[in-house]
Each structure stands twice: as structure tokens, then as C-alpha cells.
>>> print(open('work.cif').read())   # mmCIF, C-alpha atoms
data_my_file
#
loop_
_atom_site.label_atom_id
_atom_site.label_comp_id
_atom_site.auth_asym_id
_atom_site.auth_seq_id
_atom_site.Cartn_x
_atom_site.Cartn_y
_atom_site.Cartn_z
CA MET A 1 186.84 90.37 87.93
CA ARG A 2 187.02 93.90 86.57
CA ARG A 3 189.15 94.98 89.54
CA ARG A 4 191.61 92.17 88.78
CA TRP A 5 191.99 93.37 85.19
CA LEU A 6 192.62 96.90 86.43
CA LEU A 7 195.41 95.62 88.69
CA LEU A 8 197.27 93.92 85.84
CA PRO A 9 198.91 97.08 84.37
CA GLY A 10 200.17 98.07 87.82
CA ALA A 11 201.55 94.58 88.45
CA ALA A 12 203.29 94.62 85.07
CA LEU A 13 204.88 97.99 85.79
CA LEU A 14 206.03 96.79 89.21
CA ALA A 15 207.59 93.65 87.69
CA ALA A 16 209.36 95.73 85.04
CA GLY A 17 210.68 98.18 87.62
CA LEU A 18 211.95 95.41 89.89
CA ALA A 19 213.61 93.63 86.97
CA ASP A 20 215.48 96.78 86.01
CA LEU A 21 216.39 97.62 89.63
CA LEU A 22 217.64 94.14 90.54
CA GLY A 23 219.07 93.25 87.14
CA ARG A 24 220.66 96.49 85.90
CA ALA A 25 221.14 98.83 88.87
CA ALA A 26 222.04 96.19 91.47
CA GLY A 27 223.25 93.64 88.94
CA TRP A 28 222.74 90.79 91.39
CA GLY A 29 223.92 87.50 89.90
CA ALA A 30 225.41 89.06 86.76
CA LEU A 31 229.12 89.09 85.95
CA GLY A 32 230.82 92.27 87.13
CA PRO A 33 234.19 93.41 88.50
CA GLY A 34 236.97 90.92 89.13
CA ASP A 35 239.40 90.43 91.99
CA ARG A 36 239.85 93.79 93.75
CA THR A 37 243.38 92.83 94.84
CA SER A 38 244.69 92.08 91.33
CA PRO A 39 246.18 94.94 89.25
CA ARG A 40 243.97 94.10 86.28
CA VAL A 41 241.08 95.94 84.62
CA ALA A 42 238.94 95.18 81.59
CA LEU A 43 238.23 97.71 78.83
CA THR A 44 234.97 96.94 77.04
CA PHE A 45 233.34 98.53 73.99
CA ASP A 46 229.64 98.33 73.11
CA ASP A 47 227.78 98.82 69.82
CA GLY A 48 230.40 98.06 67.14
CA PRO A 49 231.93 97.27 64.83
CA GLY A 50 231.68 100.59 62.99
CA GLU A 51 233.46 103.60 61.64
CA ARG A 52 235.44 104.15 64.85
CA THR A 53 236.68 100.54 65.22
CA GLY A 54 239.88 101.07 63.22
CA ASP A 55 240.86 104.08 65.35
CA LEU A 56 240.23 102.15 68.57
CA LEU A 57 242.28 99.20 67.35
CA ALA A 58 245.14 101.53 66.47
CA VAL A 59 245.13 103.09 69.96
CA LEU A 60 245.02 99.68 71.62
CA ALA A 61 247.87 98.43 69.44
CA ARG A 62 249.99 101.47 70.23
CA HIS A 63 249.66 100.73 73.94
CA GLY A 64 249.90 96.96 73.58
CA ALA A 65 246.50 96.60 75.30
CA ARG A 66 243.70 94.08 74.89
CA ALA A 67 239.97 94.76 75.11
CA THR A 68 236.56 93.11 74.80
CA PHE A 69 234.10 94.22 72.10
CA PHE A 70 230.37 93.62 72.63
CA VAL A 71 229.01 93.69 69.08
CA THR A 72 225.53 93.81 67.54
CA ALA A 73 224.22 91.62 64.75
CA PRO A 74 223.48 94.47 62.27
CA ALA A 75 226.95 95.96 62.78
CA CYS A 76 228.59 92.57 62.19
CA VAL A 77 226.64 92.13 58.95
CA ALA A 78 227.55 95.64 57.81
CA HIS A 79 231.25 95.41 58.74
CA PRO A 80 232.48 91.79 58.56
CA ASP A 81 236.00 93.04 57.77
CA LEU A 82 236.13 95.04 61.01
CA LEU A 83 234.82 92.08 62.99
CA ARG A 84 237.69 90.00 61.59
CA ALA A 85 240.14 92.81 62.38
CA ILE A 86 239.04 92.81 66.03
CA ARG A 87 239.59 89.08 66.35
CA ASP A 88 242.82 89.06 64.32
CA ALA A 89 244.26 91.69 66.70
CA GLY A 90 243.71 89.33 69.63
CA HIS A 91 240.72 91.05 71.19
CA GLU A 92 237.66 89.32 72.64
CA VAL A 93 234.32 89.40 70.79
CA GLU A 94 231.07 88.97 72.72
CA ALA A 95 227.39 89.78 72.11
CA HIS A 96 225.47 93.03 72.59
CA GLY A 97 222.30 91.63 71.03
CA ARG A 98 220.55 91.01 67.75
CA TRP A 99 219.17 94.55 68.00
CA HIS A 100 220.22 97.52 70.10
CA THR A 101 216.85 97.64 71.84
CA HIS A 102 216.05 97.85 75.56
CA ALA A 103 214.69 94.58 76.93
CA LEU A 104 211.49 96.23 78.17
CA LEU A 105 210.58 97.14 74.58
CA LEU A 106 210.79 93.54 73.32
CA PRO A 107 208.10 90.86 73.55
CA ALA A 108 209.40 87.59 75.01
CA TRP A 109 209.98 85.83 71.66
CA CYS A 110 211.99 88.80 70.37
CA GLU A 111 214.01 89.01 73.56
CA TRP A 112 214.88 85.33 73.14
CA ALA A 113 216.24 86.14 69.68
CA GLN A 114 218.07 89.13 71.20
CA VAL A 115 219.70 87.11 73.97
CA SER A 116 220.47 83.91 72.06
CA TRP A 117 222.29 85.59 69.15
CA HIS A 118 226.08 85.52 69.41
CA PRO A 119 228.82 86.10 66.80
CA ARG A 120 230.59 82.96 68.07
CA ALA A 121 227.47 80.87 68.70
CA ALA A 122 228.96 77.86 66.90
CA GLU A 123 231.90 77.72 69.31
CA PRO A 124 231.48 75.65 72.49
CA GLY A 125 231.39 77.06 75.99
CA LEU A 126 229.65 79.87 77.88
CA HIS A 127 229.39 83.10 75.88
CA LEU A 128 228.75 86.57 77.27
CA TYR A 129 225.80 88.86 76.60
CA ARG A 130 225.65 92.52 77.57
CA PRO A 131 222.05 93.80 77.39
CA PRO A 132 221.68 97.09 75.50
CA TYR A 133 221.68 99.92 78.06
CA GLY A 134 222.19 97.20 80.67
CA GLY A 135 218.40 96.96 80.55
CA HIS A 136 216.47 94.07 82.03
CA ALA A 137 212.93 92.80 81.62
CA PRO A 138 211.34 90.21 83.92
CA LEU A 139 212.47 87.31 81.66
CA THR A 140 216.00 88.54 80.78
CA ARG A 141 217.94 86.42 83.25
CA LEU A 142 215.86 83.30 82.61
CA LEU A 143 216.33 83.61 78.85
CA ALA A 144 220.07 84.17 79.29
CA ARG A 145 220.30 81.04 81.42
CA LEU A 146 218.40 78.99 78.85
CA ALA A 147 220.67 80.31 76.08
CA ARG A 148 223.81 79.59 78.15
CA ARG A 149 224.78 83.26 78.17
CA GLY A 150 226.56 85.01 81.00
CA VAL A 151 225.11 88.50 81.55
CA ALA A 152 228.12 90.85 81.68
CA LEU A 153 227.81 94.30 83.25
CA TRP A 154 230.36 96.93 84.35
CA ASP A 155 231.24 99.16 87.29
CA VAL A 156 232.85 102.18 85.56
CA GLU A 157 231.25 104.23 82.77
CA GLY A 158 233.43 106.24 80.39
CA ARG A 159 230.35 108.39 79.58
CA ASP A 160 231.58 108.91 76.04
CA TRP A 161 228.02 109.51 74.84
CA THR A 162 228.09 112.94 76.51
CA SER A 163 229.50 116.18 75.08
CA ALA A 164 232.29 116.46 77.69
CA PRO A 165 235.89 116.65 76.41
CA ALA A 166 238.09 113.56 76.48
CA ALA A 167 240.34 114.92 79.25
CA ASN A 168 237.39 115.40 81.62
CA LEU A 169 235.90 112.01 80.78
CA ALA A 170 239.21 110.25 81.34
CA GLU A 171 239.77 112.01 84.65
CA GLY A 172 236.32 111.01 85.88
CA ALA A 173 236.63 107.39 84.73
CA LEU A 174 240.08 106.98 86.28
CA ALA A 175 238.80 108.39 89.57
CA ARG A 176 236.16 105.63 89.67
CA THR A 177 238.45 102.82 88.50
CA ARG A 178 239.76 100.29 91.00
CA PRO A 179 241.68 97.03 90.58
CA GLY A 180 239.30 94.55 88.97
CA SER A 181 237.11 97.22 87.35
CA VAL A 182 235.19 96.67 84.12
CA ILE A 183 235.15 99.92 82.14
CA LEU A 184 232.32 100.64 79.70
CA LEU A 185 233.15 102.54 76.49
CA HIS A 186 231.43 102.69 73.11
CA ASP A 187 232.57 101.89 69.59
CA GLY A 188 231.10 104.90 67.82
CA PRO A 189 231.42 108.30 69.56
CA PRO A 190 234.09 110.57 68.03
CA VAL A 191 235.59 111.27 71.47
CA THR A 192 236.27 107.64 72.35
CA PRO A 193 239.68 107.11 70.65
CA GLU A 194 241.19 110.10 72.48
CA LEU A 195 239.45 109.09 75.69
CA LEU A 196 240.84 105.57 75.31
CA ASP A 197 244.35 106.91 74.79
CA ARG A 198 244.14 109.02 77.94
CA LEU A 199 242.68 106.14 79.93
CA LEU A 200 245.50 103.82 78.89
CA VAL A 201 248.10 106.37 79.92
CA GLY A 202 246.39 106.85 83.27
CA LEU A 203 245.98 103.12 83.90
CA ASN A 204 249.65 102.56 83.19
CA GLU A 205 250.62 105.32 85.63
CA ARG A 206 248.54 103.59 88.31
CA GLY A 207 250.06 100.18 87.61
CA LEU A 208 246.81 98.72 86.22
CA THR A 209 246.95 96.37 83.23
CA PRO A 210 244.06 96.10 80.72
CA VAL A 211 243.18 92.48 79.95
CA LEU A 212 240.44 90.60 78.12
CA LEU A 213 237.29 90.30 80.19
CA ARG A 214 237.66 86.52 80.34
CA ASP A 215 241.17 86.96 81.71
CA LEU A 216 240.09 89.38 84.47
CA PRO A 217 238.02 87.22 85.14
CA PRO A 218 234.66 88.81 86.08
CA ARG A 219 232.93 87.67 89.24
CA ARG A 220 229.27 87.24 90.12
CA ILE A 221 227.84 90.39 91.68
CA GLY A 222 226.73 89.63 95.23
CA TRP A 223 224.43 91.45 97.62
CA ARG A 224 227.06 93.78 99.05
CA GLU A 225 228.42 94.85 95.67
CA GLY A 226 224.84 95.12 94.40
CA LEU A 227 223.88 97.54 97.14
CA ARG A 228 226.92 99.68 96.33
CA ARG A 229 225.84 99.72 92.68
CA VAL A 230 222.32 100.85 93.60
CA ARG A 231 223.64 103.69 95.74
CA ALA A 232 225.98 104.76 92.93
CA SER A 233 223.15 104.61 90.38
CA TYR A 234 221.09 107.04 92.40
CA GLY A 235 223.96 109.39 93.18
CA ARG A 236 224.70 108.35 96.75
#
>>> encode(input="work.cif", output="C-alpha cells")
Amino acid sequence: MRRRWLLLPGAALLAAGLADLLGRAAGWGALGPGDRTSPRVALTFDDGPGERTGDLLAVLARHGARATFFVTAPACVAHPDLLRAIRDAGHEVEAHGRWHTHALLLPAWCEWAQVSWHPRAAEPGLHLYRPPYGGHAPLTRLLARLARRGVALWDVEGRDWTSAPAANLAEGALARTRPGSVILLHDGPPVTPELLDRLLVGLNERGLTPVLLRDLPPRRIGWREGLRRVRASYGR
């Protein structure tokens, strides 16, 4: 009996590691890139609305581009005017969680609250949920299914949380972008408005059109795409 109790922590760590590997790194079964033959891409922003939202909206308007904002509950409460501005400008609003907390740090009842919250919960249909950090716990996908949420990931990171200059970040992101890509940016870092401007110029030069995520539309990540994601996550 004692040996069984000693095995429990190891089993829990293994389950957590597999959930993160299969759910975040591989992304199997989640919504990811769209049709690789269509000249469309999706620009997405996590964490807002906040002090940078107005600047991002101005850049998008200047280029006539549309984007998808994954927002958090505290930010929506703090900035209801900016949430309205996002929607009034014709952009898509989806959920980034009740809290910006990794799934592995939440007990099951808190993760249910995290997953089930949505700024448009009263509207019918399937809504999207992007887990903070892309993180998964063993119950994340089950809870999302019960809450009728589509787990939405990405295949290109703008890396705007780093200290690199906008020009370098844009160059790197554009090099990884393909038709159908979903590009991850953040509503908050000071570098993001300039990065966004450079990305939009580069996308236009390559004949790629930014659209709302629902208009991409994203596709389920299969085994082959999942294996590519794992190799990319570990630098191969």
C-alpha cells in the first residue's frame, strides 16, 4: 500500500507532462493553421484589452486589416470601453481565460471556471478558448469539450515578449509564416504596435491577407502537423 502511495506523485507528473506535450506542443485535436493553399493568415492577440489596444487598433485600421483578440476576464472588467472598441472596429473577440494562469496551476474546479468563461458566452454557437501560455493539464480538453469551447492554438510566434527590436521580430515571424498560418502576438508589450506594422507590410508584399480567425478558418491539428509542431518546439 505504501509503495502505491509513493507512485502517485510520479504518475501525476507523468500525466501532467503528457498533457502538455500532446496538448500544447503537438496540439493534436486543437484548432490550428488553416488551408495551406489559401493566401490567408490570421493575426491574433492575447492578454488584452489594455493600454496598448488603441495603438494596435490604429495600426490595423491604417492597413485595413482584421484580427482576433483573445481577452481575459480581468482586462475586460478593467477596460470595457476598449473591449467595445475592438468589436466596433469589426475584429473578433474570443477567450483567453478567467485568469491568466497556466492550467497546471489550477485545481479542476478553477480550471472549469477558467475554460467556461467567455466574453460572448450569451451568444449561441461554438466559442474559442486559447489557454494561457498554450498550457494544458490532464483535464483541459475534456473541460473545453463540456463547455463547448474550441481550443485555438497557433503556428507562428511573434515573440514580442522578448527584448529584440521590432525589425528582427518581424523578420523572424515572416520567415516562419506560410499560407494559413495563425500568428501569435500580445496586447501589451511596447514593441507590438511597430512589430504589427512591419508584419502587415511584409504580409502584403507576400500576397497574404490577414483575416479573422473564424474566416481563415482554422483546422484541427492532425498527427502529421502535430509531429512538426513537436520538432519545432524542441528546436529541430
>>> closest_residue(input="work.cif", among="A:Val230, A:Val77, A:Leu200, A:Leu213", to="Gly32 (chain A)", atoms="all atoms listed in the file")
A:Leu213
>>> resolve_selection(input="work.cif", expression="the PyMOL selection byres ((chain A and resi 52) around 10)", output="list in words")
Gly48, Pro49, Gly50, Glu51, Thr53, Gly54, Asp55, Leu56, Leu57, Leu82, His186, Asp187, Gly188, Pro189, Pro190, Val191, Thr192 and Pro193 of chain A
>>> atom_distance(input="work.cif", atom1="CA of Glu111 (chain A)", atom2="CA of Pro74 (chain A)")
15.7 Å
>>> atom_distance(input="work.cif", atom1="CA of Arg149 (chain A)", atom2="CA of Val115 (chain A)")
7.6 Å
>>> atom_distance(input="work.cif", atom1="CA of Val156 (chain A)", atom2="CA of His136 (chain A)")
18.6 Å
>>> residues_around(input="work.cif", residues="Gly172 (chain A)", least_positions_apart="4", cutoff="8 Å", atoms="all atoms listed in the file", output="number ranges by chain")
A: 158, 168, 176
>>> residues_around(input="work.cif", residues="Ala73 (chain A)", least_positions_apart="6", cutoff="7 Å", atoms="only C-alpha atoms", output="ChimeraX atom specification")
/A:97-99
>>> write_last_selection(input="work.cif", atoms="C-alpha atoms", output="short mmCIF file (atom, residue, chain, number, x, y, z; two decimals), in the frame of the given file")
data_model
loop_
_atom_site.label_atom_id
_atom_site.label_comp_id
_atom_site.auth_asym_id
_atom_site.auth_seq_id
_atom_site.Cartn_x
_atom_site.Cartn_y
_atom_site.Cartn_z
CA GLY A 97 222.30 91.63 71.03
CA ARG A 98 220.55 91.01 67.75
CA TRP A 99 219.17 94.55 68.00
#
>>> resolve_selection(input="work.cif", expression="the PyMOL selection byres ((chain A and resi 96) around 12)", output="number ranges by chain")
A: 44-49, 68-76, 93-95, 97-103, 113-119, 127-135, 149-153, 186-187
>>> axis_aligned_box(input="work.cif", around="region 63-82 of chain A", padding_each_side="8 Å", output="lines of an AutoDock Vina configuration file")
center_x = 236.7
center_y = 96.2
center_z = 66.5
size_x = 42.4
size_y = 25.1
size_z = 33.5
>>> residues_near_point(input="work.cif", point="(242.5, 106.1, 76.9)", cutoff="12 Å", atoms="all atoms listed in the file", output="ChimeraX atom specification")
/A:43-44,55-63,65,67,158,160,166-174,183-185,191-205,210
>>> resolve_selection(input="work.cif", expression="the PyMOL selection byres ((chain A and resi 40) around 7)", output="list in words")
Ser38, Pro39, Val41, Ala42, Pro179, Gly180, Leu208, Thr209, Pro210, Val211 and Leu216 of chain A
>>> closest_residue(input="work.cif", among="A:Ile86, A:Leu212, A:Ala137, A:Ala122", to="Arg24 (chain A)", atoms="only C-alpha atoms")
A:Ala137
>>> build_atoms(input="work.cif", residues="region 60-76 of chain A", atoms="N, CA and C atoms", output="CSV table (one decimal), in the frame of the given file")
chain,number,residue,atom,x,y,z
A,60,LEU,N,244.7,100.9,70.8
A,60,LEU,CA,245.0,99.7,71.6
A,60,LEU,C,246.3,99.1,71.2
A,61,ALA,N,246.6,99.0,69.9
A,61,ALA,CA,247.9,98.4,69.4
A,61,ALA,C,249.1,99.3,69.9
A,62,ARG,N,248.9,100.6,69.8
A,62,ARG,CA,250.0,101.5,70.2
A,62,ARG,C,250.4,101.3,71.7
A,63,HIS,N,249.4,100.9,72.5
A,63,HIS,CA,249.7,100.7,73.9
A,63,HIS,C,249.9,99.3,74.3
A,64,GLY,N,249.8,98.4,73.3
A,64,GLY,CA,249.9,97.0,73.6
A,64,GLY,C,248.8,96.4,74.5
A,65,ALA,N,247.6,96.9,74.4
A,65,ALA,CA,246.5,96.6,75.3
A,65,ALA,C,245.5,95.7,74.6
A,66,ARG,N,244.8,94.9,75.4
A,66,ARG,CA,243.7,94.1,74.9
A,66,ARG,C,242.4,94.5,75.5
A,67,ALA,N,241.3,94.3,74.7
A,67,ALA,CA,240.0,94.8,75.1
A,67,ALA,C,238.9,93.8,74.7
A,68,THR,N,237.7,94.0,75.2
A,68,THR,CA,236.6,93.1,74.8
A,68,THR,C,235.5,94.0,74.1
A,69,PHE,N,235.1,93.5,72.9
A,69,PHE,CA,234.1,94.2,72.1
A,69,PHE,C,232.8,93.5,72.1
A,70,PHE,N,231.7,94.2,72.6
A,70,PHE,CA,230.4,93.6,72.6
A,70,PHE,C,229.7,94.2,71.4
A,71,VAL,N,229.4,93.3,70.4
A,71,VAL,CA,229.0,93.7,69.1
A,71,VAL,C,227.5,93.4,68.9
A,72,THR,N,226.9,94.1,67.9
A,72,THR,CA,225.5,93.8,67.5
A,72,THR,C,225.5,93.1,66.2
A,73,ALA,N,224.4,92.4,66.0
A,73,ALA,CA,224.2,91.6,64.8
A,73,ALA,C,224.2,92.5,63.5
A,74,PRO,N,223.5,93.6,63.5
A,74,PRO,CA,223.5,94.5,62.3
A,74,PRO,C,224.9,95.0,62.0
A,75,ALA,N,225.6,95.4,63.0
A,75,ALA,CA,227.0,96.0,62.8
A,75,ALA,C,227.9,94.9,62.2
A,76,CYS,N,227.7,93.7,62.7
A,76,CYS,CA,228.6,92.6,62.2
A,76,CYS,C,228.3,92.3,60.7
